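Scroll down for the structure; my scribbles are underneath it.
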Amino acid sequence: MSDRVLGVACLLLSAFYIFMATQIQTSFITDYLGPKFFPILIASLLAIAAIFPIIKPDPDPDWPGIGRFVEIIFAVAVMVAYTYALPVVGFVLSTAITSGILSWRLGAKPIAAAIAGVSISVGIYVVFHLVLQLSLARGPWGF
């Protein structure tokens with residue numbers, strides 16, 4: 001039953017996401033696909049994936065223990081803190097800290113997690129800001 005509940009929740013979330021994507025205002029000059037295409041694509045993929053657990057749920061789902069639920073809540077809290085920190089400290093620093101913490105919680109040693117966080121942050125910054133020329137949140141240091 002829990003699989004079906006998750007499937008229905010994801011299906012409703014995808015419908016809401018598509019609805020919100022259709023509300024995006026477009027300017028007079030825009031690219032061929034427009035800003036609505038990517039959110040609608042992601043929501044459509046979520047809807048397709050949500051149908052499977054509704055149709056064929058696991059007959060005996062294996063729920064994680066309380067410790068795993070605490071880890072999930074911690075990861076969600078880190079991501080919420082990331083959204084608040086992003087406009088204040090900028091993309092590079094907030095992404096480095098967030099990805100470092102999440103890497104550490106996924107099992108990396110603290111030094112390796114810090115290196116992974118910085119590498120992920122700088123790598124994404126180079127690709128999206130320097131190569132693709134997309135705007136990312138600027139921190140007090142200008143990056």
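If you're wondering about the labels, chains in the structure tokens are A, B, ... by order shown, residues count from 1 in each chain, ligands from 1 in order shown.
Within the 12 Å cut-off around A:Pro57, using only C-alpha atoms and omitting residues fewer than 2 positions from it on the same chain, the listed residues are Met1, Ser2, Asp3, Arg4, Val5, Leu6, Gly7, Val8, Ala50, Ile51, Phe52, Pro53, Ile54, Ile55, Pro59, Asp60 and Pro61 of chain A.
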Which stretch 2-98 of chain A residues have any atom within 8 Å of an atom of stretch 108-131 of chain A, and for each, what is the nearest pair of atoms with distance in Å to one decimal, counting only C-alpha atoms, rows sorted by chain and number, as a tab-separated table?
```
residue	atom	partner	partner_atom	distance
A:Phe91	CA	A:Ser121	CA	7.8
A:Val92	CA	A:Ser121	CA	5.5
A:Leu93	CA	A:Ser121	CA	7.6
A:Thr95	CA	A:Ser121	CA	5.4
A:Ala96	CA	A:Gly117	CA	4.4
A:Ile97	CA	A:Gly117	CA	6.3
A:Thr98	CA	A:Gly117	CA	7.2
```
Mind running stretch 21-75 of chain A against stretch 12-15 of chain A at 8 Å and telling me each contacting residue's nearest atom pair with the distance in Å (one decimal), counting only C-alpha atoms, chain and number ascending, as CSV?
```
residue,atom,partner,partner_atom,distance
A:Ala43,CA,A:Ser14,CA,4.6
A:Ser44,CA,A:Ser14,CA,6.8
A:Leu46,CA,A:Ser14,CA,6.1
A:Ala47,CA,A:Ser14,CA,5.7
```
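Pairwise distance (atom CA of A:Ile42, atom CA of A:Val70) equals 27.6 Å.
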DSSP-assigned alpha helix (DSSP H) members of chain A, reported as a ChimeraX atom specification | /A:2-22,37-55,66-89,91-105,110-125
For those residues, write C-alpha atoms to a file as a compact mmCIF listing (two decimals), in the first residue's frame.
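Heads up, here's the output in part17.txt:
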```txt
# COMPACT_ATOMS: atom_id res chain seq x y z
CA SER A 2 2.83 2.41 0.80
CA ASP A 3 4.18 2.08 -2.76
CA ARG A 4 0.83 3.12 -4.17
CA VAL A 5 0.64 6.09 -1.80
CA LEU A 6 4.11 7.20 -2.92
CA GLY A 7 3.15 6.71 -6.58
CA VAL A 8 0.00 8.79 -6.22
CA ALA A 9 1.90 11.49 -4.30
CA CYS A 10 4.54 11.65 -7.05
CA LEU A 11 1.83 11.76 -9.71
CA LEU A 12 0.13 14.67 -7.93
CA LEU A 13 3.49 16.40 -7.50
CA SER A 14 4.23 16.05 -11.20
CA ALA A 15 0.81 17.48 -12.11
CA PHE A 16 1.43 20.44 -9.80
CA TYR A 17 4.91 20.91 -11.28
CA ILE A 18 3.52 20.93 -14.82
CA PHE A 19 0.85 23.42 -13.78
CA MET A 20 3.46 25.71 -12.22
CA ALA A 21 5.69 25.40 -15.28
CA THR A 22 2.87 26.56 -17.50
CA PHE A 37 10.25 22.86 -21.63
CA PHE A 38 12.72 21.56 -19.03
CA PRO A 39 10.36 21.67 -16.01
CA ILE A 40 7.60 20.00 -18.04
CA LEU A 41 10.05 17.33 -19.23
CA ILE A 42 11.17 16.58 -15.65
CA ALA A 43 7.56 16.47 -14.42
CA SER A 44 6.58 14.14 -17.28
CA LEU A 45 9.41 11.76 -16.40
CA LEU A 46 8.32 11.84 -12.75
CA ALA A 47 4.73 11.05 -13.81
CA ILE A 48 5.89 8.11 -15.91
CA ALA A 49 8.02 6.81 -13.04
CA ALA A 50 5.11 7.27 -10.59
CA ILE A 51 2.84 4.99 -12.59
CA PHE A 52 4.97 1.88 -12.00
CA PRO A 53 4.54 1.62 -8.20
CA ILE A 54 0.83 2.34 -8.59
CA ILE A 55 0.36 -0.52 -11.07
CA ILE A 66 14.57 4.98 12.52
CA GLY A 67 18.24 5.79 11.98
CA ARG A 68 17.75 5.96 8.21
CA PHE A 69 14.71 8.19 8.63
CA VAL A 70 16.82 10.57 10.72
CA GLU A 71 19.44 10.58 7.92
CA ILE A 72 16.74 11.43 5.37
CA ILE A 73 15.39 14.26 7.53
CA PHE A 74 18.94 15.56 7.99
CA ALA A 75 19.54 15.53 4.22
CA VAL A 76 16.29 17.41 3.63
CA ALA A 77 17.28 19.96 6.29
CA VAL A 78 20.66 20.45 4.60
CA MET A 79 18.96 21.04 1.25
CA VAL A 80 16.52 23.54 2.79
CA ALA A 81 19.42 25.36 4.43
CA TYR A 82 21.15 25.37 1.02
CA THR A 83 18.23 27.20 -0.56
CA TYR A 84 18.40 29.87 2.12
CA ALA A 85 22.20 30.17 1.98
CA LEU A 86 22.41 30.35 -1.82
CA PRO A 87 21.43 34.02 -2.27
CA VAL A 88 23.40 35.10 0.81
CA VAL A 89 26.80 33.41 0.38
CA PHE A 91 26.66 29.45 -5.42
CA VAL A 92 30.25 28.31 -5.01
CA LEU A 93 30.49 28.39 -1.21
CA SER A 94 26.98 27.13 -0.44
CA THR A 95 27.28 24.32 -3.00
CA ALA A 96 30.70 23.30 -1.69
CA ILE A 97 29.44 23.10 1.89
CA THR A 98 26.21 21.32 0.97
CA SER A 99 27.79 18.75 -1.32
CA GLY A 100 30.58 18.19 1.20
CA ILE A 101 28.11 17.52 4.01
CA LEU A 102 26.01 15.22 1.85
CA SER A 103 29.11 13.36 0.62
CA TRP A 104 30.19 12.88 4.23
CA ARG A 105 26.75 11.52 5.18
CA PRO A 110 35.62 14.05 6.16
CA ILE A 111 38.69 15.11 4.13
CA ALA A 112 37.48 13.26 1.04
CA ALA A 113 34.01 14.76 1.49
CA ALA A 114 35.47 18.27 1.70
CA ILE A 115 37.53 17.67 -1.47
CA ALA A 116 34.43 16.26 -3.19
CA GLY A 117 32.37 19.28 -2.12
CA VAL A 118 34.87 21.79 -3.47
CA SER A 119 35.37 19.77 -6.65
CA ILE A 120 31.65 19.46 -7.31
CA SER A 121 31.06 23.14 -6.63
CA VAL A 122 33.91 24.41 -8.79
CA GLY A 123 33.12 21.90 -11.55
CA ILE A 124 29.49 22.95 -11.77
CA TYR A 125 30.50 26.63 -11.64
```
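Using only C-alpha atoms, the shortest contact distance between A:Ser135 and any of A:Pro64, A:Gly90, A:Gly107, A:Gly34 is found at A:Gly90.
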